[in-house]
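S.K.: As input, take input-v1.csv (CSV, C-alpha atoms):
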```
chain,number,residue,atom,x,y,z
A,23,MET,CA,29.2,84.0,49.7
A,24,PRO,CA,27.3,87.2,50.2
A,25,ASP,CA,23.5,87.0,50.2
A,26,PRO,CA,22.5,87.2,46.5
A,27,HIS,CA,19.5,89.4,47.6
A,28,GLN,CA,21.5,92.0,49.3
A,29,LYS,CA,21.9,95.4,47.7
A,30,HIS,CA,24.8,95.7,45.3
A,31,ASP,CA,26.5,98.6,43.6
A,32,HIS,CA,27.5,97.5,40.2
A,33,ASN,CA,30.5,99.8,40.1
A,34,ASN,CA,31.9,99.3,43.6
A,35,HIS,CA,31.4,95.6,44.4
A,36,GLN,CA,34.2,93.1,44.3
A,37,SER,CA,34.2,89.4,44.6
A,38,THR,CA,37.0,87.1,45.6
A,39,GLN,CA,38.2,84.2,43.5
A,40,ASN,CA,36.8,81.7,46.0
A,41,ASN,CA,33.4,83.4,46.3
A,42,PRO,CA,32.4,84.6,42.8
A,43,ASP,CA,29.3,86.8,42.8
A,44,PRO,CA,27.3,87.2,39.5
A,45,CYS,CA,26.3,90.7,40.7
A,46,ASP,CA,29.9,91.8,40.2
A,47,GLY,CA,29.5,91.6,36.4
A,48,LEU,CA,31.1,88.3,35.8
A,49,GLU,CA,31.4,87.1,32.2
A,50,MET,CA,29.7,83.7,32.2
A,51,ASP,CA,31.3,80.8,30.4
A,52,ALA,CA,28.1,79.1,29.5
A,53,VAL,CA,24.3,79.3,30.3
A,54,ALA,CA,21.8,76.5,30.0
A,55,LEU,CA,18.5,75.3,31.3
A,56,ASN,CA,18.4,72.2,33.3
A,57,GLU,CA,15.9,69.4,32.7
A,58,GLU,CA,13.3,71.2,34.9
A,59,GLY,CA,13.8,74.6,33.2
A,60,VAL,CA,16.0,76.1,35.9
A,61,PRO,CA,18.7,78.3,34.4
A,62,TYR,CA,22.3,77.3,35.2
A,63,PHE,CA,25.0,79.9,34.9
A,64,PHE,CA,28.6,78.5,34.7
A,65,LYS,CA,31.8,80.4,35.6
A,66,GLY,CA,35.1,78.6,36.0
A,67,ASP,CA,34.6,75.8,38.5
A,68,TYR,CA,31.3,77.1,39.7
A,69,VAL,CA,27.6,77.0,38.7
A,70,PHE,CA,24.9,79.4,39.8
A,71,LYS,CA,21.6,77.5,39.9
A,72,GLY,CA,18.6,79.9,39.2
A,73,PHE,CA,18.5,83.6,39.0
A,74,GLY,CA,19.5,84.1,42.7
A,75,GLY,CA,21.5,80.9,43.3
A,76,GLN,CA,24.7,80.9,45.3
A,77,ALA,CA,28.0,79.6,43.7
A,78,LYS,CA,28.2,75.8,43.9
A,79,MET,CA,31.1,73.7,42.6
A,80,ILE,CA,30.3,72.1,39.2
A,81,ASN,CA,31.8,68.8,40.3
A,82,LYS,CA,29.0,68.4,42.9
A,83,SER,CA,26.5,68.0,40.0
A,84,PHE,CA,28.6,67.0,37.0
A,85,PRO,CA,31.7,65.3,38.4
A,86,GLU,CA,33.0,63.9,35.1
A,87,VAL,CA,33.2,67.4,33.6
A,88,ASP,CA,35.6,68.4,36.3
A,89,ASN,CA,37.8,65.5,35.5
A,90,HIS,CA,38.5,66.9,32.0
A,91,HIS,CA,42.2,67.5,31.6
A,92,GLN,CA,43.2,71.1,32.4
A,93,MET,CA,39.5,72.1,32.7
A,94,ASP,CA,39.4,75.7,33.7
A,95,HIS,CA,36.0,76.6,32.2
A,96,ILE,CA,33.2,75.2,30.1
A,97,ASP,CA,33.2,76.4,26.5
A,98,ALA,CA,29.5,75.9,25.8
A,99,ALA,CA,26.4,74.3,27.3
A,100,PHE,CA,22.8,73.8,26.2
A,101,ARG,CA,19.8,71.7,26.9
A,102,MET,CA,18.3,69.7,24.0
A,103,HIS,CA,15.0,68.0,23.8
A,104,HIS,CA,14.1,65.0,21.6
A,105,ASP,CA,11.2,65.2,19.3
A,106,ASP,CA,10.5,61.4,19.6
A,107,ASP,CA,10.6,61.6,23.4
A,108,PRO,CA,9.6,65.0,24.8
A,109,THR,CA,10.4,63.9,28.4
A,110,HIS,CA,14.0,63.2,27.5
A,111,ASN,CA,16.1,66.4,27.9
A,112,ASN,CA,19.8,66.2,27.7
A,113,ILE,CA,22.3,68.8,29.0
A,114,PHE,CA,25.3,69.0,26.7
A,115,PHE,CA,28.7,70.4,27.8
A,116,ILE,CA,31.5,71.2,25.4
A,117,LEU,CA,35.0,71.5,26.6
A,118,ASP,CA,37.8,72.0,24.0
A,119,ASP,CA,37.0,69.2,21.5
A,120,MET,CA,35.0,66.9,23.8
A,121,VAL,CA,31.3,66.6,24.4
A,122,TYR,CA,29.6,65.5,27.6
A,123,SER,CA,25.9,64.5,27.6
A,124,TYR,CA,23.9,64.2,30.9
A,125,TYR,CA,20.5,62.9,31.5
A,126,GLN,CA,19.0,63.3,35.0
A,127,TYR,CA,22.5,64.4,36.2
A,128,LYS,CA,24.1,61.1,35.0
A,129,LEU,CA,26.7,61.0,32.3
A,130,GLU,CA,25.2,59.0,29.4
A,131,GLU,CA,26.9,55.9,28.3
A,132,GLY,CA,29.8,56.3,25.9
A,133,TYR,CA,30.5,59.9,26.8
A,134,PRO,CA,32.6,62.0,26.6
A,135,LYS,CA,32.9,61.9,22.9
A,136,ASN,CA,34.8,63.9,20.4
A,137,ILE,CA,32.8,66.8,19.0
A,138,SER,CA,33.3,65.5,15.4
A,139,GLU,CA,31.5,62.3,16.4
A,140,VAL,CA,28.5,64.0,18.0
A,141,PHE,CA,28.2,67.2,15.9
A,142,PRO,CA,30.2,66.5,12.7
A,143,GLY,CA,31.2,69.7,10.9
A,144,ILE,CA,31.3,71.8,14.1
A,145,PRO,CA,34.7,73.3,15.1
A,146,ASP,CA,36.2,72.7,18.6
A,147,HIS,CA,37.0,75.4,21.2
A,148,LEU,CA,33.6,77.0,20.8
A,149,ASP,CA,32.4,80.2,22.4
A,150,ALA,CA,28.7,79.4,22.9
A,151,ALA,CA,25.9,77.1,21.8
A,152,VAL,CA,22.1,77.2,22.0
A,153,GLU,CA,19.3,74.9,20.9
A,154,CYS,CA,16.7,76.3,18.4
A,155,PRO,CA,13.6,74.1,17.9
A,156,LYS,CA,11.0,74.4,15.2
A,157,PRO,CA,9.4,76.8,14.4
A,158,GLU,CA,11.8,79.2,16.0
A,159,CYS,CA,14.3,77.9,13.5
A,160,ASP,CA,13.2,76.4,10.2
A,161,GLU,CA,14.4,73.0,11.4
A,162,HIS,CA,15.3,71.7,14.8
A,163,SER,CA,18.8,73.0,15.2
A,164,VAL,CA,21.7,73.8,17.5
A,165,ILE,CA,23.5,77.1,16.9
A,166,PHE,CA,27.2,77.0,17.7
A,167,PHE,CA,29.2,80.3,18.0
A,168,LYS,CA,32.9,80.8,17.4
A,169,GLY,CA,34.2,84.2,16.9
A,170,HIS,CA,32.2,86.1,14.2
A,171,ASP,CA,30.8,82.8,12.8
A,172,SER,CA,27.7,80.8,13.7
A,173,TYR,CA,27.2,77.2,12.7
A,174,HIS,CA,23.6,75.9,12.4
A,175,PHE,CA,23.5,72.2,13.0
A,176,ASN,CA,20.4,70.3,11.8
A,177,VAL,CA,19.7,67.8,14.5
A,178,LYS,CA,17.9,65.4,12.2
A,179,THR,CA,20.1,65.4,9.0
A,180,LYS,CA,23.4,66.6,10.7
A,181,ALA,CA,23.8,69.1,7.9
A,182,VAL,CA,25.7,72.3,8.9
A,183,GLU,CA,25.0,75.8,7.6
A,184,LYS,CA,27.6,78.5,8.4
A,185,LYS,CA,26.4,82.0,8.8
A,186,LYS,CA,27.8,85.4,9.8
A,187,PHE,CA,25.5,87.3,12.2
A,188,GLU,CA,26.8,90.7,11.3
A,189,SER,CA,24.7,92.8,13.7
A,190,MET,CA,25.5,90.6,16.8
A,191,PRO,CA,28.5,90.9,19.1
A,192,ASN,CA,30.7,87.8,19.7
A,193,CYS,CA,28.8,85.7,22.2
A,194,THR,CA,30.6,84.3,25.2
A,195,SER,CA,27.5,82.3,26.0
A,196,ALA,CA,24.0,82.0,24.5
A,197,PHE,CA,20.7,81.3,26.1
A,198,ARG,CA,17.2,80.3,25.0
A,199,PHE,CA,14.6,81.4,27.5
A,200,MET,CA,10.8,81.7,27.2
A,201,GLU,CA,11.2,81.2,23.4
A,202,HIS,CA,13.6,84.2,23.1
A,203,TYR,CA,17.3,84.1,22.4
A,204,TYR,CA,20.0,86.0,24.2
A,205,CYS,CA,23.7,86.5,23.3
A,206,PHE,CA,25.7,87.1,26.5
A,207,HIS,CA,28.9,89.2,26.0
A,208,GLY,CA,30.8,90.2,29.1
A,209,HIS,CA,28.1,91.2,31.7
A,210,MET,CA,25.8,92.5,28.9
A,211,PHE,CA,23.3,90.7,26.7
A,212,SER,CA,21.6,91.3,23.4
A,213,LYS,CA,18.4,89.7,22.3
A,214,PHE,CA,18.6,88.3,18.8
A,215,ASP,CA,16.7,86.5,16.1
A,216,PRO,CA,18.1,83.0,15.8
A,217,LYS,CA,17.3,82.8,12.0
A,218,THR,CA,18.9,86.1,11.0
A,219,GLY,CA,21.0,87.2,13.9
A,220,GLU,CA,19.3,90.6,13.9
A,221,VAL,CA,19.3,92.5,17.1
A,222,HIS,CA,16.3,94.8,17.8
A,223,GLY,CA,15.4,97.4,20.3
A,224,LYS,CA,17.6,99.1,22.9
A,225,GLN,CA,20.5,96.6,23.1
A,226,PRO,CA,22.7,95.6,24.9
A,227,LYS,CA,21.4,95.4,28.4
A,228,ASP,CA,23.0,94.5,31.7
A,229,VAL,CA,22.6,90.8,32.6
A,230,ARG,CA,22.4,91.8,36.3
A,231,ASP,CA,19.3,93.9,35.7
A,232,TYR,CA,17.3,91.1,34.0
A,233,PHE,CA,18.7,87.6,34.9
A,234,MET,CA,20.2,88.1,38.3
A,235,ARG,CA,18.8,89.1,41.7
A,236,CYS,CA,20.9,92.2,41.9
A,237,SER,CA,20.3,95.8,42.8
A,238,SER,CA,22.1,98.6,41.0
A,239,GLU,CA,22.6,102.1,42.2
A,240,GLY,CA,21.0,104.7,39.9
A,241,SER,CA,19.5,102.1,37.5
A,242,ASN,CA,16.0,102.3,36.1
A,243,HIS,CA,14.2,100.1,38.7
A,244,THR,CA,10.9,100.2,36.9
A,245,GLU,CA,12.2,99.1,33.5
A,246,ARG,CA,14.3,96.4,35.2
A,247,GLU,CA,11.5,95.0,37.4
A,248,ARG,CA,9.0,95.2,34.5
A,249,CYS,CA,11.1,93.0,32.3
A,250,SER,CA,12.9,90.8,34.8
A,251,ARG,CA,12.9,87.1,34.2
A,252,VAL,CA,13.2,86.4,37.9
A,253,HIS,CA,9.9,85.0,39.2
A,254,LEU,CA,7.7,87.1,41.5
A,255,ASP,CA,7.7,86.3,45.2
A,256,ALA,CA,4.1,87.6,45.8
A,257,VAL,CA,1.4,89.6,44.1
A,258,THR,CA,-2.0,91.0,45.0
A,259,SER,CA,-4.6,93.6,43.9
A,260,ASP,CA,-6.6,95.8,46.2
A,261,GLN,CA,-10.3,96.9,46.0
A,262,ALA,CA,-9.3,100.1,44.2
A,263,GLY,CA,-7.8,98.1,41.4
A,264,HIS,CA,-4.1,98.7,42.2
A,265,MET,CA,-1.7,95.8,41.8
A,266,TYR,CA,1.3,95.1,44.0
A,267,ALA,CA,4.0,92.7,42.9
A,268,PHE,CA,7.0,91.8,45.1
A,269,ARG,CA,10.4,90.4,44.0
A,270,GLY,CA,13.5,90.4,46.2
A,271,HIS,CA,14.2,93.9,47.5
A,272,TYR,CA,11.7,95.6,45.1
A,273,PHE,CA,8.0,95.9,44.4
A,274,LEU,CA,6.0,97.1,41.4
A,275,GLN,CA,2.8,99.0,41.9
A,276,LYS,CA,0.4,99.3,38.9
A,277,ASP,CA,-2.5,101.7,39.4
A,278,LYS,CA,-6.0,101.2,37.9
A,279,ASP,CA,-5.0,103.4,34.9
A,280,GLY,CA,-2.1,101.1,34.1
A,281,VAL,CA,0.7,103.4,35.3
A,282,LEU,CA,3.6,101.3,36.6
A,283,LYS,CA,6.3,102.3,39.1
A,284,ALA,CA,8.9,100.4,41.1
A,285,ASP,CA,10.3,101.1,44.5
A,286,THR,CA,12.2,99.3,47.2
A,287,ILE,CA,10.2,97.3,49.7
A,288,GLU,CA,12.2,98.9,52.5
A,289,HIS,CA,11.2,102.4,51.4
A,290,ALA,CA,7.4,101.7,51.3
A,291,PHE,CA,7.2,98.9,53.9
A,292,LYS,CA,10.2,99.6,56.1
A,293,GLU,CA,9.5,96.9,58.7
A,294,LEU,CA,9.7,94.2,56.0
A,295,HIS,CA,12.9,95.2,54.2
A,296,SER,CA,12.8,92.4,51.5
A,297,ASP,CA,11.7,88.9,50.4
A,298,VAL,CA,8.0,88.8,50.9
A,299,GLU,CA,6.7,85.2,50.8
A,300,ALA,CA,3.0,85.9,50.2
A,301,VAL,CA,0.5,88.9,50.2
A,302,PHE,CA,-3.2,89.3,50.1
A,303,SER,CA,-5.7,92.2,50.3
A,304,HIS,CA,-8.5,92.3,52.8
A,305,ASP,CA,-10.7,95.0,54.3
A,306,ASP,CA,-8.6,97.8,52.7
A,307,HIS,CA,-5.4,96.4,54.2
A,308,LEU,CA,-2.4,94.6,52.7
A,309,TYR,CA,-1.4,91.5,54.6
A,310,MET,CA,2.1,90.4,54.0
A,311,ILE,CA,3.6,87.1,55.1
A,312,LYS,CA,7.3,86.8,55.8
A,313,ASP,CA,8.9,83.9,57.7
A,314,ASP,CA,6.5,83.1,60.6
A,315,ASN,CA,4.9,86.5,60.8
A,316,VAL,CA,2.1,88.5,59.3
A,317,PHE,CA,2.5,92.2,58.7
A,318,ALA,CA,-0.7,94.3,58.0
A,319,TYR,CA,-0.4,97.7,56.3
A,320,THR,CA,-2.9,100.4,55.3
A,321,VAL,CA,-3.7,100.9,51.6
A,322,GLY,CA,-3.0,104.3,50.2
A,323,GLU,CA,-0.3,106.7,49.3
A,324,ASN,CA,1.6,105.9,52.4
A,325,HIS,CA,1.7,102.4,53.9
A,326,THR,CA,1.5,102.4,57.7
A,327,LEU,CA,1.9,99.2,59.8
A,328,LEU,CA,-1.2,98.6,61.8
A,329,ASP,CA,-1.0,98.6,65.6
A,330,GLY,CA,-0.2,95.2,67.1
A,331,TYR,CA,1.6,93.9,64.0
A,332,PRO,CA,3.6,91.9,63.1
A,333,LYS,CA,1.7,88.9,64.6
A,334,PRO,CA,2.7,85.3,64.5
A,335,LEU,CA,1.4,83.4,61.4
A,336,LYS,CA,-0.1,80.7,63.6
A,337,GLU,CA,-2.0,83.3,65.7
A,338,GLU,CA,-3.2,85.4,62.8
A,339,LEU,CA,-4.1,82.7,60.2
A,340,GLY,CA,-4.1,79.4,62.0
A,341,ILE,CA,-1.4,77.9,59.9
A,342,GLU,CA,2.3,77.2,60.3
A,343,GLY,CA,5.3,76.7,57.9
A,344,HIS,CA,6.4,78.3,54.7
A,345,ILE,CA,3.5,79.9,52.7
A,346,ASP,CA,3.9,79.9,48.9
A,347,ALA,CA,0.9,82.2,48.0
A,348,ALA,CA,-2.3,83.7,49.4
A,349,PHE,CA,-5.2,85.4,47.7
A,350,VAL,CA,-8.8,86.7,48.3
A,351,CYS,CA,-11.5,86.5,45.6
A,352,GLU,CA,-15.1,87.4,45.3
A,353,ASP,CA,-15.9,86.2,48.8
A,354,HIS,CA,-13.8,88.8,50.6
A,355,GLN,CA,-14.3,87.0,53.9
A,356,HIS,CA,-12.1,84.1,53.0
A,357,VAL,CA,-8.4,84.0,52.2
A,358,HIS,CA,-7.1,81.0,50.2
A,359,ILE,CA,-3.6,79.9,51.2
A,360,ILE,CA,-1.3,77.7,49.1
A,361,LYS,CA,1.3,75.7,50.9
A,362,GLY,CA,3.2,73.2,48.7
A,363,GLN,CA,0.6,71.3,46.7
A,364,HIS,CA,-2.2,72.0,49.2
A,365,ILE,CA,-4.7,74.9,49.4
A,366,TYR,CA,-6.5,76.0,52.6
A,367,ASN,CA,-9.3,78.4,53.5
A,368,VAL,CA,-9.2,80.9,56.3
A,369,ASP,CA,-12.3,82.8,57.5
A,370,MET,CA,-11.0,86.3,58.3
A,371,LYS,CA,-14.1,87.0,60.4
A,372,ALA,CA,-13.7,83.9,62.6
A,373,SER,CA,-12.1,84.0,66.0
A,374,PRO,CA,-9.8,82.3,66.5
A,375,ARG,CA,-8.9,81.8,62.8
A,376,ALA,CA,-8.1,78.4,61.5
A,377,ALA,CA,-6.9,76.9,58.2
A,378,THR,CA,-9.7,74.5,57.0
A,379,GLY,CA,-10.9,72.8,53.9
A,380,LYS,CA,-7.5,71.4,52.9
A,381,GLY,CA,-7.5,70.6,49.1
A,382,LYS,CA,-4.9,69.1,46.8
A,383,LEU,CA,-3.5,70.8,43.7
A,384,LEU,CA,-3.4,68.1,41.0
A,385,LEU,CA,-1.7,69.9,38.1
A,386,LEU,CA,0.9,72.2,39.7
A,387,SER,CA,3.7,71.1,42.0
A,388,LYS,CA,4.8,74.6,42.7
A,389,VAL,CA,3.0,78.0,42.8
A,390,ASN,CA,5.0,81.2,43.3
A,391,ALA,CA,2.2,83.7,43.7
A,392,ALA,CA,-1.5,84.2,43.0
A,393,MET,CA,-4.1,87.0,43.0
A,394,CYS,CA,-7.8,87.6,42.1
A,395,GLY,CA,-9.2,90.5,40.2
A,396,PRO,CA,-11.8,91.5,37.6
A,397,GLU,CA,-10.4,88.9,35.1
A,398,GLY,CA,-10.5,86.1,37.6
A,399,LEU,CA,-7.8,84.2,39.4
A,400,LYS,CA,-4.2,84.5,38.1
A,401,VAL,CA,-1.8,81.8,39.3
A,402,ILE,CA,1.9,82.5,38.7
A,403,VAL,CA,4.4,79.7,38.1
A,404,GLY,CA,7.9,80.9,37.3
A,405,ASN,CA,7.7,83.4,34.5
A,406,ASN,CA,4.2,82.5,33.4
A,407,TYR,CA,0.7,82.7,34.8
A,408,TYR,CA,-2.6,80.8,34.3
A,409,ARG,CA,-6.0,82.4,34.4
A,410,TYR,CA,-9.0,80.8,36.0
A,411,ASN,CA,-12.6,82.0,36.3
A,412,SER,CA,-12.9,80.7,39.9
A,413,THR,CA,-10.9,79.1,42.7
A,414,MET,CA,-13.0,76.0,42.3
A,415,LEU,CA,-11.9,75.6,38.6
A,416,PHE,CA,-8.3,76.1,39.7
A,417,VAL,CA,-8.4,73.4,42.3
A,418,ALA,CA,-10.6,70.9,40.4
A,419,GLY,CA,-9.4,71.5,36.8
A,420,ARG,CA,-8.0,68.6,34.9
A,421,ALA,CA,-6.0,70.5,32.3
A,422,LEU,CA,-3.9,73.6,32.5
A,423,PRO,CA,-5.3,76.7,30.7
A,424,GLU,CA,-3.3,78.8,28.3
A,425,GLN,CA,0.0,80.2,29.5
A,426,HIS,CA,0.5,84.0,29.7
A,427,ARG,CA,3.8,85.8,30.3
A,428,VAL,CA,4.1,87.8,33.4
A,429,SER,CA,6.6,90.4,32.1
A,430,GLN,CA,4.7,91.1,28.9
A,431,GLU,CA,1.0,90.6,29.8
A,432,LEU,CA,1.0,91.8,33.4
A,433,PHE,CA,3.6,94.6,33.2
A,434,GLY,CA,3.8,95.5,29.5
A,435,CYS,CA,7.4,94.6,28.9
A,436,ASP,CA,8.1,94.9,25.1
A,437,HIS,CA,10.8,92.2,24.9
```
Rewrite the structure of this file - the entire thing - as structure tokens.
M.R.:
Amino acid sequence: MPDPHQKHDHNNHQSTQNNPDPCDGLEMDAVALNEEGVPYFFKGDYVFKGFGGQAKMINKSFPEVDNHHQMDHIDAAFRMHHDDDPTHNNIFFILDDMVYSYYQYKLEEGYPKNISEVFPGIPDHLDAAVECPKPECDEHSVIFFKGHDSYHFNVKTKAVEKKKFESMPNCTSAFRFMEHYYCFHGHMFSKFDPKTGEVHGKQPKDVRDYFMRCSSEGSNHTERERCSRVHLDAVTSDQAGHMYAFRGHYFLQKDKDGVLKADTIEHAFKELHSDVEAVFSHDDHLYMIKDDNVFAYTVGENHTLLDGYPKPLKEELGIEGHIDAAFVCEDHQHVHIIKGQHIYNVDMKASPRAATGKGKLLLLSKVNAAMCGPEGLKVIVGNNYYRYNSTMLFVAGRALPEQHRVSQELFGCDH
């Protein structure tokens, strides 16, 4: 399969039957979060795991579904949590008139079952389904879609309320993500209110611009990157108050007045091309980590690679292996490096430099990016970030602070 990060032209890209590419504008059969919150996109015999995942055979993860007679696609899929056991999240698949329930990738005992047994009152051969917990719906519900009709199934009482969502298109799949609801139709999506079906704002939008790691010729890069649900690869802010955020082939630059613009990494940092692993600001330079190398660029209107760079990561920062995040705070002499669940300090004035002071992150198993600024330390995990007053509180804290949304609160996305 082609690299999902490579540049795509939405109009001129073709996939083969054996190598489906979501950047071609595929109409997904179903979309659901797995138990860890990773989105799964299903098409025919394939599943794309995550926003940039390559096509994998469904039977590798859910073999029993593939054994379904004449299975050529999944009708609907959704994750459902249980109020009495928040750690128990099932993934449900619906194929024709049968329901498959998985927990931790194992088919639950007694399944598959007829849909009338699991969800009485719900028709078979559905188009889409999505869970709607309280208070997003009045009662904990699952919304099933078939044609122009929607069926709201009360999880507790098993009562069914049939509604017509007049302003919505017919959904080929439906998706709840970050407490918002999306109706996928073809390669487009519309954000909707699960109670009323009302569609607000400029809809529909292209799935590839928001839920896939795709590049489109002539598209509005700033709007797409501002509102993308794909997690950031790296982020930093310089001493002038400018923020730089990197994702795939693109980066966002937000100046101190809040003006946001997007560009390709290759255009501004031609030696890097794409996929920055970590970035930090020090001494009016941007230090970018990719693979086993460190690239150092000047800060300003034009970014010029400093003489002698790139340098090996081990030589420059005294550490080896994949780096998840790096940041510099009030003490501009030290860079903090996150690698897995450990954090290290590197004195930038030392010679040779070494990663010291190894500490353990107790509350977060994965960090995507981090940066310091006037509001303290922002630690990005997936589509959200946590704010800390200091690095010490981040490392030693015993409870996670309030979550903030990256797209809305860092970049001002309105949906």
S.K.: Take CA of Met50 (chain A) and CA of Phe167 (chain A) and report the distance between them in Å, one decimal.
M.R.: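 Calculated distance between CA of Met50 (chain A) and CA of Phe167 (chain A) is 14.6 Å.
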S.K.: Give as a ChimeraX atom specification every residue, naming chains and numbers as the document does, that has an atom within 12 Å of (20.1, 85.6, 14.3), counting only C-alpha atoms.
M.R.: /A:152,154,158-159,165-167,171-174,184-191,193,196,202-205,212-222
S.K.: At a cut-off of 8 Å, can you tabulate as JSON lines every residue of region 213-314 of chain A near region 69-87 of chain A together with its closest atom pair and the distance in Å to one decimal, using all atoms listed in the file and ordering rows by chain then number?
M.R.:
```
{"residue": "A:Phe233", "atom": "CA", "partner": "A:Phe73", "partner_atom": "CA", "distance": 5.7}
{"residue": "A:Met234", "atom": "CA", "partner": "A:Phe73", "partner_atom": "CA", "distance": 4.9}
{"residue": "A:Arg235", "atom": "CA", "partner": "A:Gly74", "partner_atom": "CA", "distance": 5.1}
{"residue": "A:Val252", "atom": "CA", "partner": "A:Phe73", "partner_atom": "CA", "distance": 6.1}
```
S.K.: Would you export the selected residues with C-alpha atoms as a PDB file, in the frame of the given file, please?
M.R.:
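Result went into part21.pdb, see below:
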```
ATOM      1  CA  PHE A 233      18.700  87.600  34.900  1.00  0.00           C
ATOM      2  CA  MET A 234      20.200  88.100  38.300  1.00  0.00           C
ATOM      3  CA  ARG A 235      18.800  89.100  41.700  1.00  0.00           C
ATOM      4  CA  VAL A 252      13.200  86.400  37.900  1.00  0.00           C
TER       5      VAL A 252
END
```
S.K.: One decimal, Å: what's the distance from CA of Ser259 (chain A) over to CA of Phe302 (chain A), could you say?
M.R.: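 Interatomic distance, CA of Ser259 (chain A) to CA of Phe302 (chain A): 7.7 Å.
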S.K.: Rank nothing, just name the residue among A:Thr258, A:Glu57, A:Val368, A:Tyr331 nearest to Val401 (chain A), using all atoms listed in the file.
M.R.: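 Using all atoms listed in the file, Val401 (chain A) sits closest to A:Thr258.
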S.K.: Nearest to Ala98 (chain A): which of A:Asn324, A:Ser195, A:Thr413, A:Ser429 is it, counting all atoms listed in the file?
M.R.: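 Of the candidates, the smallest distance to Ala98 (chain A) is held by A:Ser195.
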S.K.: So that I can check the surroundings of Ile113 (chain A), please list as a PyMOL selection string every protein, DNA and RNA residue that reaches within 7 Å of it, counting all atoms listed in the file and ignoring chain neighbours fewer than 4 positions away.
M.R.: chain A and resi 56+100-102+123-125
S.K.: Separation of CA of Cys435 (chain A) and CA of Met210 (chain A), in Å?
M.R.: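 A separation of 18.5 Å between them.
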S.K.: Counting all atoms listed in the file, what is within 7 Å of Met265 (chain A), bar same-chain residues fewer than 2 positions away, as a PyMOL selection string?
M.R.: chain A and resi 258-260+263+267+275-277
S.K.: May I ask which of the residues A:Ala290, A:Cys249, A:Val164, A:Leu254 is the closest one to Gln430 (chain A), counting only C-alpha atoms?
M.R.: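 Of A:Ala290, A:Cys249, A:Val164, A:Leu254, the one nearest Gln430 (chain A) is A:Cys249, counting only C-alpha atoms.
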S.K.: Tell me, as a PDB file with C-alpha atoms, in the coordinates of the input, which residues lie within 10 Å of Thr179 (chain A), counting all atoms listed in the file; anything in the same chain fewer than 2 positions away does not count.
M.R.:
```pdb
ATOM      1  CA  GLU A 161      14.400  73.000  11.400  1.00  0.00           C
ATOM      2  CA  HIS A 162      15.300  71.700  14.800  1.00  0.00           C
ATOM      3  CA  SER A 163      18.800  73.000  15.200  1.00  0.00           C
ATOM      4  CA  PHE A 175      23.500  72.200  13.000  1.00  0.00           C
ATOM      5  CA  ASN A 176      20.400  70.300  11.800  1.00  0.00           C
ATOM      6  CA  VAL A 177      19.700  67.800  14.500  1.00  0.00           C
ATOM      7  CA  ALA A 181      23.800  69.100   7.900  1.00  0.00           C
ATOM      8  CA  VAL A 182      25.700  72.300   8.900  1.00  0.00           C
TER       9      VAL A 182
END
```
S.K.: Could you list, as a list in words, every residue within 10 Å of Pro396 (chain A), counting only C-alpha atoms and ignoring same-chain residues fewer than 2 positions away?
M.R.: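 Near neighbours after the sequence-gap exclusion: Ser259, Gly263, Cys351, Glu352, Cys394, Gly398, Leu399 and Asn411 of chain A.
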S.K.: What's the 10 Å shell around Ile137 (chain A), counting all atoms listed in the file, without same-chain residues fewer than 6 positions away, as a tab-separated table (two decimals) with C-alpha atoms, in the coordinates of the input?
M.R.:
```
chain	number	residue	atom	x	y	z
A	116	ILE	CA	31.50	71.20	25.40
A	117	LEU	CA	35.00	71.50	26.60
A	118	ASP	CA	37.80	72.00	24.00
A	119	ASP	CA	37.00	69.20	21.50
A	120	MET	CA	35.00	66.90	23.80
A	121	VAL	CA	31.30	66.60	24.40
A	122	TYR	CA	29.60	65.50	27.60
A	143	GLY	CA	31.20	69.70	10.90
A	144	ILE	CA	31.30	71.80	14.10
A	145	PRO	CA	34.70	73.30	15.10
A	146	ASP	CA	36.20	72.70	18.60
A	147	HIS	CA	37.00	75.40	21.20
```
S.K.: Between A:Arg230, A:Lys224, A:His170, A:His253, which residue has the minimum interatomic distance to Gly208 (chain A), considering all atoms listed in the file?
M.R.: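 Of A:Arg230, A:Lys224, A:His170, A:His253, the one nearest Gly208 (chain A) is A:Arg230, counting all atoms listed in the file.
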S.K.: Using only C-alpha atoms, which of A:Gly381, A:Pro155, A:Pro374, A:Gly330 sits nearest Gly362 (chain A)?
M.R.: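 Closest to Gly362 (chain A) of all the choices is A:Gly381.
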S.K.: Under the rule that all atoms listed in the file are counted, which of A:Glu58, A:Tyr127, A:Lys336, A:Asp297 is the nearest residue to Ser387 (chain A)?
M.R.: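 Looking at the shortest contact to Ser387 (chain A), the residue is A:Glu58.
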